[in-house]
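Below is one structure; the comments refer to it alone.
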Amino acid sequence: MTKTPLHLWIVGVLSLLWNAGGAMDYVMTRTGAADYLAAQPPERLAMLTDAPFWFDITWAVGVWFSIIGSLLLLLRSRMAGSAFALSLAGLIGSSIYNYGIADGGSMVAAAGPTAIAFTIAIPVILIGLWLYARAMTKAGVLR
């Protein structure tokens with residue numbers, strides 16, 4: 001058994017905090033939190049209202065498997081990589097709707113640089129977490 005490196009705890013905690021933001025967005029949107037929804041652009045609300053059922057499934061998979069992956073990292077489980085891979089599949093599925101069908105790209109561009117940065121950061125960070133979990137499994141840190 002390999003000793004747990006400090007960077008695993010740092011990556012695990014930071015990834016859990018990062019992914020909690022996505023989970024909060026999902027829960028607040030899906031539960032219809034009035035104050036939260038009032039702050040959303042009307043185009044996003046219309047897109048979510050018109051979304052097909054498969055989008056809801058892929059969005060949920062993307063969000064919740066990221067949380068699971070972060071928790072599995074902290075538990076030093078080799079299943080963290082699989083959880084992040086499933087999250088990535090969910091992100092790809094929801095992105096097909098967001099940017100290929102619903103034209104979410106123009107909504108992101110209209111929302112400004114912060115929205116663009118998040119649109120880029122989400123898949124980049126998720127791919128990084130998946131690669132990190134795989135590397136930690138190969139190194140024997142995750143069991």
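Identifiers in this document derive from the order of the structure tokens: chains are assigned A, B, ..., residues are numbered from 1 separately in each chain, and ligands are numbered from 1 in order of occurrence.
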
Worksheet item: If you run DSSP on the backbone, which residues of chain A are helix (DSSP H, G or I), as a ChimeraX atom specification?
Response: /A:6-30,34-38,42-50,53-74,80-101,104-111,113-138

Item to complete: For Ala60 in chain A, work out the shell of residues within 9 Å, counting only C-alpha atoms and skipping chain neighbours fewer than 2 positions away, then give it as a ChimeraX atom specification.
Response: /A:23,26,55-58,62-65,87,90

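Among A:Leu71, A:Leu142, A:Ile116, A:Ala33, the residue with the shortest atom-to-atom distance to Leu17 in chain A, counting only C-alpha atoms, is A:Leu71.
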
Practice prompt. Give me the residues within 8 Å of range 84-86 of chain A as a PyMOL selection string, counting only C-alpha atoms and dropping any in the same chain fewer than 4 places off.
Written response: chain A and resi 61-62+65-66+69+80+90+126-127+129-130

Residues from last step as file, C-alpha atoms, as a short mmCIF file (atom, residue, chain, number, x, y, z; two decimals), in the first residue's frame:
data_model
loop_
_atom_site.label_atom_id
_atom_site.label_comp_id
_atom_site.auth_asym_id
_atom_site.auth_seq_id
_atom_site.Cartn_x
_atom_site.Cartn_y
_atom_site.Cartn_z
CA VAL A 61 -25.24 11.84 -14.33
CA GLY A 62 -22.68 14.57 -15.01
CA PHE A 65 -20.98 11.28 -10.60
CA SER A 66 -18.57 14.21 -10.21
CA GLY A 69 -15.80 10.80 -7.90
CA ALA A 80 -12.98 7.39 -8.55
CA GLY A 90 -22.99 12.89 -18.72
CA LEU A 126 -13.32 17.11 -15.25
CA ILE A 127 -10.88 15.58 -17.73
CA LEU A 129 -9.77 14.85 -12.44
CA TRP A 130 -10.37 11.72 -14.50
#
